[in-house]
$ cat entry.pdb   # PDB, C-alpha atoms
ATOM      1  CA  VAL A 370       4.110   5.827   3.698  1.00  0.00           C
ATOM      2  CA  VAL A 371       6.405   7.911   1.528  1.00  0.00           C
ATOM      3  CA  ILE A 372      10.162   8.092   1.936  1.00  0.00           C
ATOM      4  CA  ARG A 373      12.273  11.014   0.823  1.00  0.00           C
ATOM      5  CA  ILE A 374      15.967  11.604   1.308  1.00  0.00           C
ATOM      6  CA  ARG A 375      16.732  15.232   0.470  1.00  0.00           C
ATOM      7  CA  LYS A 376      19.250  15.821  -2.256  1.00  0.00           C
ATOM      8  CA  LYS A 377      20.524  18.991  -3.862  1.00  0.00           C
ATOM      9  CA  LYS A 378      18.670  19.904  -7.050  1.00  0.00           C
ATOM     10  CA  SER A 379      20.615  20.135 -10.274  1.00  0.00           C
ATOM     11  CA  GLN A 380      20.683  23.410 -12.201  1.00  0.00           C
ATOM     12  CA  GLU A 381      18.283  21.912 -14.738  1.00  0.00           C
ATOM     13  CA  GLU A 382      15.836  20.899 -11.999  1.00  0.00           C
ATOM     14  CA  GLU A 383      15.987  24.370 -10.438  1.00  0.00           C
ATOM     15  CA  LYS A 384      14.838  25.899 -13.737  1.00  0.00           C
ATOM     16  CA  LEU A 385      11.802  23.618 -14.087  1.00  0.00           C
ATOM     17  CA  PRO A 386       8.458  25.233 -13.213  1.00  0.00           C
ATOM     18  CA  GLU A 387       6.720  23.908 -10.108  1.00  0.00           C
ATOM     19  CA  LYS A 388       3.572  21.886 -10.799  1.00  0.00           C
ATOM     20  CA  LYS A 389       0.536  23.038  -8.867  1.00  0.00           C
ATOM     21  CA  ASP A 390      -1.277  19.736  -8.518  1.00  0.00           C
ATOM     22  CA  PHE A 391      -1.681  16.876  -6.055  1.00  0.00           C
ATOM     23  CA  LEU A 392       0.940  14.754  -7.827  1.00  0.00           C
ATOM     24  CA  SER A 393       3.856  17.134  -7.405  1.00  0.00           C
ATOM     25  CA  PRO A 394       4.431  16.482  -3.679  1.00  0.00           C
ATOM     26  CA  LEU A 395       4.280  12.707  -4.164  1.00  0.00           C
ATOM     27  CA  GLN A 396       6.754  12.886  -7.043  1.00  0.00           C
ATOM     28  CA  GLN A 397       9.413  14.228  -4.666  1.00  0.00           C
ATOM     29  CA  PHE A 398       9.797  10.884  -2.888  1.00  0.00           C
ATOM     30  CA  GLN A 399      12.198   8.073  -3.734  1.00  0.00           C
ATOM     31  CA  LYS A 400       9.775   5.375  -2.576  1.00  0.00           C
ATOM     32  CA  ARG A 401       6.046   5.215  -1.969  1.00  0.00           C
ATOM     33  CA  ILE A 402       4.376   2.492   0.127  1.00  0.00           C
ATOM     34  CA  ALA A 403       0.630   1.933   0.539  1.00  0.00           C
ATOM     35  CA  VAL A 404      -0.522  -0.402   3.328  1.00  0.00           C
ATOM     36  CA  ALA A 405      -4.178  -1.460   3.196  1.00  0.00           C
ATOM     37  CA  ASN A 406      -6.327  -3.849   5.214  1.00  0.00           C
ATOM     38  CA  ALA A 407      -7.929  -6.452   2.954  1.00  0.00           C
ATOM     39  CA  TYR A 408     -11.309  -8.185   3.081  1.00  0.00           C
ATOM     40  CA  ASN A 409     -13.167  -5.287   4.719  1.00  0.00           C
ATOM     41  CA  THR A 410     -11.437  -5.895   8.030  1.00  0.00           C
ATOM     42  CA  ASP A 411     -11.035  -2.119   8.495  1.00  0.00           C
ATOM     43  CA  PHE A 412     -14.180  -0.161   9.354  1.00  0.00           C
ATOM     44  CA  LEU A 413     -12.430   3.225   9.000  1.00  0.00           C
ATOM     45  CA  VAL A 414     -10.348   2.957   5.812  1.00  0.00           C
ATOM     46  CA  SER A 415     -11.522   0.631   3.052  1.00  0.00           C
ATOM     47  CA  VAL A 416      -9.053  -1.341   0.956  1.00  0.00           C
ATOM     48  CA  THR A 417     -10.227   0.708  -2.034  1.00  0.00           C
ATOM     49  CA  SER A 418      -9.120   3.914  -0.321  1.00  0.00           C
ATOM     50  CA  GLY A 419      -6.031   2.530   1.390  1.00  0.00           C
ATOM     51  CA  ALA A 420      -4.573   1.069  -1.817  1.00  0.00           C
ATOM     52  CA  PHE A 421      -6.447   3.479  -4.174  1.00  0.00           C
ATOM     53  CA  LEU A 422      -8.067   0.805  -6.309  1.00  0.00           C
ATOM     54  CA  SER A 423     -10.874   1.268  -8.797  1.00  0.00           C
ATOM     55  CA  SER A 424     -13.289  -0.924 -10.727  1.00  0.00           C
ATOM     56  CA  ASN A 425     -12.722   1.481 -13.628  1.00  0.00           C
ATOM     57  CA  SER A 426      -8.952   1.036 -13.730  1.00  0.00           C
ATOM     58  CA  ASP A 427      -6.850  -1.523 -15.578  1.00  0.00           C
ATOM     59  CA  SER A 428      -3.613  -0.249 -14.032  1.00  0.00           C
ATOM     60  CA  LEU A 429      -1.248  -3.203 -13.699  1.00  0.00           C
ATOM     61  CA  HIS A 430       0.028  -4.358 -10.290  1.00  0.00           C
ATOM     62  CA  HIS A 431       2.919  -6.799 -10.490  1.00  0.00           C
ATOM     63  CA  HIS A 432       3.010  -9.730  -8.053  1.00  0.00           C
ATOM     64  CA  GLN A 433       5.816  -9.826  -5.483  1.00  0.00           C
ATOM     65  CA  ASP A 434       7.230 -12.984  -7.097  1.00  0.00           C
ATOM     66  CA  SER A 435       7.071 -11.678 -10.674  1.00  0.00           C
ATOM     67  CA  ASP A 436      10.141 -11.049 -12.816  1.00  0.00           C
ATOM     68  CA  VAL A 437       9.340  -7.318 -12.811  1.00  0.00           C
ATOM     69  CA  VAL A 438       9.679  -7.090  -9.037  1.00  0.00           C
ATOM     70  CA  ALA A 439      12.687  -9.428  -8.931  1.00  0.00           C
ATOM     71  CA  SER A 440      14.594  -7.262 -11.406  1.00  0.00           C
ATOM     72  CA  SER A 441      13.827  -4.064  -9.482  1.00  0.00           C
ATOM     73  CA  SER A 442      15.702  -5.098  -6.300  1.00  0.00           C
ATOM     74  CA  LEU A 443      12.748  -3.803  -4.315  1.00  0.00           C
ATOM     75  CA  ARG A 444      12.814  -4.602  -0.612  1.00  0.00           C
ATOM     76  CA  LEU A 445       9.604  -6.355   0.421  1.00  0.00           C
ATOM     77  CA  MET A 446       7.911  -6.602   3.776  1.00  0.00           C
ATOM     78  CA  LYS A 447       8.491  -9.922   5.506  1.00  0.00           C
ATOM     79  CA  SER A 448       6.031 -12.470   4.124  1.00  0.00           C
ATOM     80  CA  THR A 449       4.133 -13.474   7.236  1.00  0.00           C
ATOM     81  CA  GLU A 450       0.704 -15.046   7.622  1.00  0.00           C
ATOM     82  CA  HIS A 451      -0.733 -11.534   7.917  1.00  0.00           C
ATOM     83  CA  VAL A 452       0.504 -10.363   4.490  1.00  0.00           C
ATOM     84  CA  ALA A 453      -2.088 -11.365   1.907  1.00  0.00           C
ATOM     85  CA  LEU A 454      -0.214  -9.904  -1.066  1.00  0.00           C
ATOM     86  CA  GLN A 455       2.480  -7.446  -2.080  1.00  0.00           C
ATOM     87  CA  VAL A 456       2.393  -5.802  -5.501  1.00  0.00           C
ATOM     88  CA  VAL A 457       4.272  -3.091  -7.342  1.00  0.00           C
ATOM     89  CA  THR A 458       3.211  -0.541  -9.929  1.00  0.00           C
ATOM     90  CA  VAL A 459       5.952   0.484 -12.348  1.00  0.00           C
ATOM     91  CA  PRO A 460       6.744   4.226 -12.665  1.00  0.00           C
ATOM     92  CA  GLU A 461       5.603   5.726 -15.972  1.00  0.00           C
ATOM     93  CA  GLU A 462       5.756   9.175 -17.495  1.00  0.00           C
ATOM     94  CA  ILE A 463       2.745  11.293 -16.589  1.00  0.00           C
ATOM     95  CA  THR A 464       1.495  13.558 -19.364  1.00  0.00           C
ATOM     96  CA  ASP A 465      -0.869  16.524 -19.315  1.00  0.00           C
ATOM     97  CA  ASN A 466      -3.528  14.330 -20.908  1.00  0.00           C
ATOM     98  CA  ASP A 467      -3.530  12.051 -17.858  1.00  0.00           C
ATOM     99  CA  ASN A 468      -5.226  14.770 -15.810  1.00  0.00           C
ATOM    100  CA  ASP A 469      -7.943  15.575 -18.343  1.00  0.00           C
ATOM    101  CA  GLU A 470     -10.542  13.175 -16.957  1.00  0.00           C
ATOM    102  CA  ASN A 471     -12.112  13.832 -13.568  1.00  0.00           C
ATOM    103  CA  SER A 472     -13.000  10.278 -12.593  1.00  0.00           C
ATOM    104  CA  THR A 473     -11.935   7.819  -9.928  1.00  0.00           C
ATOM    105  CA  GLY A 474     -10.478   5.480 -12.539  1.00  0.00           C
ATOM    106  CA  SER A 475      -8.294   8.161 -14.140  1.00  0.00           C
ATOM    107  CA  CYS A 476      -7.158   9.404 -10.719  1.00  0.00           C
ATOM    108  CA  VAL A 477      -6.102   5.868  -9.763  1.00  0.00           C
ATOM    109  CA  ASN A 478      -4.290   5.412 -13.077  1.00  0.00           C
ATOM    110  CA  VAL A 479      -2.269   8.594 -12.581  1.00  0.00           C
ATOM    111  CA  LEU A 480      -1.397   7.766  -8.973  1.00  0.00           C
ATOM    112  CA  ASP A 481      -0.220   4.293  -9.962  1.00  0.00           C
ATOM    113  CA  LYS A 482       2.069   5.803 -12.611  1.00  0.00           C
ATOM    114  CA  LEU A 483       4.135   7.309  -9.799  1.00  0.00           C
ATOM    115  CA  GLY A 484       5.269   3.807  -8.817  1.00  0.00           C
ATOM    116  CA  TRP A 485       4.067   2.179  -5.596  1.00  0.00           C
ATOM    117  CA  HIS A 486       4.770  -0.767  -3.334  1.00  0.00           C
ATOM    118  CA  LYS A 487       1.342  -1.869  -2.088  1.00  0.00           C
ATOM    119  CA  ILE A 488       0.957  -4.225   0.867  1.00  0.00           C
ATOM    120  CA  PHE A 489      -2.379  -5.906   1.583  1.00  0.00           C
ATOM    121  CA  ILE A 490      -2.749  -7.006   5.203  1.00  0.00           C
ATOM    122  CA  ASP A 491      -5.063  -9.832   6.304  1.00  0.00           C
ATOM    123  CA  THR A 492      -5.664  -9.923  10.073  1.00  0.00           C
ATOM    124  CA  ARG A 493      -8.436 -12.517  10.095  1.00  0.00           C
ATOM    125  CA  SER A 494      -6.183 -15.191  11.606  1.00  0.00           C
ATOM    126  CA  ILE A 495      -5.760 -13.002  14.703  1.00  0.00           C
ATOM    127  CA  LEU A 496      -9.501 -12.945  15.369  1.00  0.00           C
ATOM    128  CA  PRO A 497     -11.559 -15.814  16.802  1.00  0.00           C
ATOM    129  CA  GLN A 498     -12.648 -18.096  13.946  1.00  0.00           C
ATOM    130  CA  ILE A 499     -16.312 -17.518  14.753  1.00  0.00           C
ATOM    131  CA  PHE A 500     -16.009 -13.950  13.424  1.00  0.00           C
ATOM    132  CA  ASN A 501     -14.469 -14.916  10.081  1.00  0.00           C
ATOM    133  CA  ARG A 502     -16.072 -15.705   6.745  1.00  0.00           C
ATOM    134  CA  GLU A 503     -14.681 -17.982   4.056  1.00  0.00           C
ATOM    135  CA  ILE A 504     -13.366 -16.212   0.965  1.00  0.00           C
ATOM    136  CA  PRO A 505     -11.942 -17.836  -2.191  1.00  0.00           C
ATOM    137  CA  LYS A 506      -8.156 -17.451  -2.380  1.00  0.00           C
ATOM    138  CA  LEU A 507      -6.656 -15.035  -4.844  1.00  0.00           C
ATOM    139  CA  GLN A 508      -5.231 -17.028  -7.732  1.00  0.00           C
ATOM    140  CA  PRO A 509      -1.477 -16.343  -8.102  1.00  0.00           C
ATOM    141  CA  LYS A 510      -0.399 -14.777 -11.381  1.00  0.00           C
ATOM    142  CA  PRO A 511       2.336 -12.368 -12.518  1.00  0.00           C
ATOM    143  CA  SER A 512       0.108  -9.289 -12.410  1.00  0.00           C
ATOM    144  CA  TYR A 513      -3.382  -8.056 -11.555  1.00  0.00           C
ATOM    145  CA  THR A 514      -5.382  -5.045 -12.650  1.00  0.00           C
ATOM    146  CA  SER A 515      -6.645  -2.532 -10.133  1.00  0.00           C
ATOM    147  CA  ARG A 516     -10.147  -3.787 -10.899  1.00  0.00           C
ATOM    148  CA  GLU A 517      -9.230  -7.397 -10.107  1.00  0.00           C
ATOM    149  CA  LEU A 518      -7.635  -6.476  -6.781  1.00  0.00           C
ATOM    150  CA  GLN A 519     -10.596  -4.364  -5.742  1.00  0.00           C
ATOM    151  CA  ASN A 520     -13.097  -7.065  -6.660  1.00  0.00           C
ATOM    152  CA  HIS A 521     -11.205  -9.612  -4.580  1.00  0.00           C
ATOM    153  CA  PHE A 522     -10.065  -7.653  -1.521  1.00  0.00           C
ATOM    154  CA  GLN A 523     -13.246  -5.653  -0.968  1.00  0.00           C
ATOM    155  CA  GLN A 524     -15.142  -8.850  -0.160  1.00  0.00           C
ATOM    156  CA  TYR A 525     -16.315  -9.195   3.427  1.00  0.00           C
ATOM    157  CA  GLY A 526     -14.038 -11.534   5.348  1.00  0.00           C
ATOM    158  CA  THR A 527     -15.059 -10.880   8.932  1.00  0.00           C
ATOM    159  CA  TRP A 528     -18.029  -9.910  11.070  1.00  0.00           C
ATOM    160  CA  PHE A 529     -15.687  -8.018  13.405  1.00  0.00           C
ATOM    161  CA  PRO A 530     -13.721  -5.356  11.400  1.00  0.00           C
ATOM    162  CA  VAL A 531     -11.118  -4.211  13.929  1.00  0.00           C
ATOM    163  CA  ALA A 532      -7.972  -4.213  11.792  1.00  0.00           C
ATOM    164  CA  HIS A 533      -7.495  -0.444  12.030  1.00  0.00           C
ATOM    165  CA  PRO A 534      -6.643  -0.223  15.755  1.00  0.00           C
ATOM    166  CA  LEU A 535      -5.089  -3.699  15.604  1.00  0.00           C
ATOM    167  CA  ASN A 536      -2.552  -2.767  12.941  1.00  0.00           C
ATOM    168  CA  MET A 537      -1.675   0.439  14.753  1.00  0.00           C
ATOM    169  CA  ALA A 538      -0.887  -1.620  17.863  1.00  0.00           C
ATOM    170  CA  ASN A 539      -2.705   1.127  19.732  1.00  0.00           C
ATOM    171  CA  SER A 540      -1.483   1.244  23.327  1.00  0.00           C
ATOM    172  CA  LYS A 541      -2.987   4.473  24.659  1.00  0.00           C
ATOM    173  CA  THR A 542      -4.587   2.484  27.522  1.00  0.00           C
ATOM    174  CA  ASP A 543      -3.846  -0.854  29.172  1.00  0.00           C
ATOM    175  CA  TRP A 544      -7.008  -2.290  27.630  1.00  0.00           C
ATOM    176  CA  TYR A 545      -6.000  -1.141  24.124  1.00  0.00           C
ATOM    177  CA  ARG A 546      -2.501  -2.515  24.638  1.00  0.00           C
ATOM    178  CA  TYR A 547      -3.892  -5.925  25.563  1.00  0.00           C
ATOM    179  CA  PHE A 548      -6.470  -5.896  22.755  1.00  0.00           C
ATOM    180  CA  THR A 549      -3.998  -4.905  20.005  1.00  0.00           C
ATOM    181  CA  LYS A 550      -0.911  -6.830  21.133  1.00  0.00           C
ATOM    182  CA  SER A 551      -1.428  -9.384  18.337  1.00  0.00           C
ATOM    183  CA  GLY A 552      -0.955  -6.595  15.813  1.00  0.00           C
ATOM    184  CA  GLN A 553       2.458  -5.579  17.163  1.00  0.00           C
ATOM    185  CA  PRO A 554       4.425  -7.944  14.858  1.00  0.00           C
ATOM    186  CA  ILE A 555       2.711  -6.356  11.844  1.00  0.00           C
ATOM    187  CA  VAL A 556       3.702  -2.862  12.980  1.00  0.00           C
ATOM    188  CA  ASP A 557       7.243  -4.056  13.724  1.00  0.00           C
ATOM    189  CA  ASP A 558       7.645  -5.534  10.227  1.00  0.00           C
ATOM    190  CA  ILE A 559       6.349  -2.375   8.547  1.00  0.00           C
ATOM    191  CA  ALA A 560       8.647  -0.221  10.677  1.00  0.00           C
ATOM    192  CA  GLU A 561      11.635  -2.430   9.846  1.00  0.00           C
ATOM    193  CA  LEU A 562      10.892  -2.126   6.116  1.00  0.00           C
ATOM    194  CA  ILE A 563      10.711   1.670   6.317  1.00  0.00           C
ATOM    195  CA  VAL A 564      13.861   2.062   8.411  1.00  0.00           C
ATOM    196  CA  LEU A 565      15.928  -0.217   6.153  1.00  0.00           C
ATOM    197  CA  ASP A 566      14.698   1.668   3.077  1.00  0.00           C
ATOM    198  CA  MET A 567      15.610   4.995   4.674  1.00  0.00           C
ATOM    199  CA  ILE A 568      19.100   3.757   5.525  1.00  0.00           C
ATOM    200  CA  GLU A 569      19.657   2.454   1.996  1.00  0.00           C
ATOM    201  CA  LEU A 570      18.397   5.633   0.353  1.00  0.00           C
ATOM    202  CA  SER A 571      20.427   7.874   2.674  1.00  0.00           C
ATOM    203  CA  GLU A 572      23.589   5.985   1.671  1.00  0.00           C
ATOM    204  CA  GLN A 573      22.794   6.589  -2.009  1.00  0.00           C
ATOM    205  CA  TYR A 574      22.528  10.331  -1.556  1.00  0.00           C
TER     206      TYR A 574
END

$ encode --input "entry.pdb" --output "structure tokens"
Amino acid sequence: VVIRIRKKKSQEEEKLPEKKDFLSPLQQFQKRIAVANAYNTDFLVSVTSGAFLSSNSDSLHHHQDSDVVASSSLRLMKSTEHVALQVVTVPEEITDNDNDENSTGSCVNVLDKLGWHKIFIDTRSILPQIFNREIPKLQPKPSYTSRELQNHFQQYGTWFPVAHPLNMANSKTDWYRYFTKSGQPIVDDIAELIVLDMIELSEQY
């Protein structure tokens, strides 16, 4: 999810050359949110892809209760039983050298430098207990590396990975609507977060 409220460019910004790379479009947004299903509960989009994590990246992700997040006045998603963790990467200057390496780790590092609010969703409590597997809890600390988050959240937590349609609250048929109704509160909370952010940003510009 990326949020952009259009604003008129300054004369200085108009003179800047346009970057022809995958980062340029993402840099145009005031806020970037990544929502990923943790513990391999999603058979379509892995947590590694959804939150662009890498075992070769030490990019820091600050815990939702850390001083870094508290001082940023960032609006968080409601902390419900289905939110395993919320973290933030701090925006940093991206240099030409950042794009020199063609590796997953370097790609993740550059993306994280844009600044992201990442939300890890855990839907195991919605499923019958017989489908779930025990996983050690993530130890709370001020920040985690991308490697640490991947190692923890890519563990298998269920034998029945249906979080993708569940978190979409898919209602294209009566059967889907019944099957995914437990995921509706998750969708509602994400939608509320986005709408409130859009209202706040629109008032600023």

$ closest_residue --input "entry.pdb" --among "A:Asn425, A:Asn501, A:Arg493, A:Leu483" --to "Pro394 of chain A" --atoms "all atoms listed in the file"
A:Leu483

$ resolve_selection --input "entry.pdb" --expression "the PyMOL selection byres ((chain A and resi 536) around 8)" --output "PyMOL selection string"
chain A and resi 532-535+537-539+549+552-553+555-556

$ residues_around --input "entry.pdb" --residues "segment 427-443 of chain A" --least-positions-apart "6" --cutoff "7 Å" --atoms "all atoms listed in the file" --output "number ranges by chain"
A: 455-458, 478, 481, 510-516

$ atom_distance --input "entry.pdb" --atom1 "atom CA of Ile499 of chain A" --atom2 "atom CA of Phe529 of chain A"
9.6 Å

$ atom_distance --input "entry.pdb" --atom1 "atom CA of Glu561 of chain A" --atom2 "atom CA of Lys487 of chain A"
15.8 Å

$ closest_residue --input "entry.pdb" --among "A:Gly526, A:Gly474, A:Gly419, A:Pro554" --to "Arg502 of chain A" --atoms "all atoms listed in the file"
A:Gly526

$ residues_around --input "entry.pdb" --residues "Ala420 of chain A" --least-positions-apart "5" --cutoff "8 Å" --atoms "all atoms listed in the file" --output "list in words"
Ala403, Val404, Ala405 and Lys487 of chain A

$ atom_distance --input "entry.pdb" --atom1 "atom CA of Val531 of chain A" --atom2 "atom CA of Arg401 of chain A"
25.2 Å
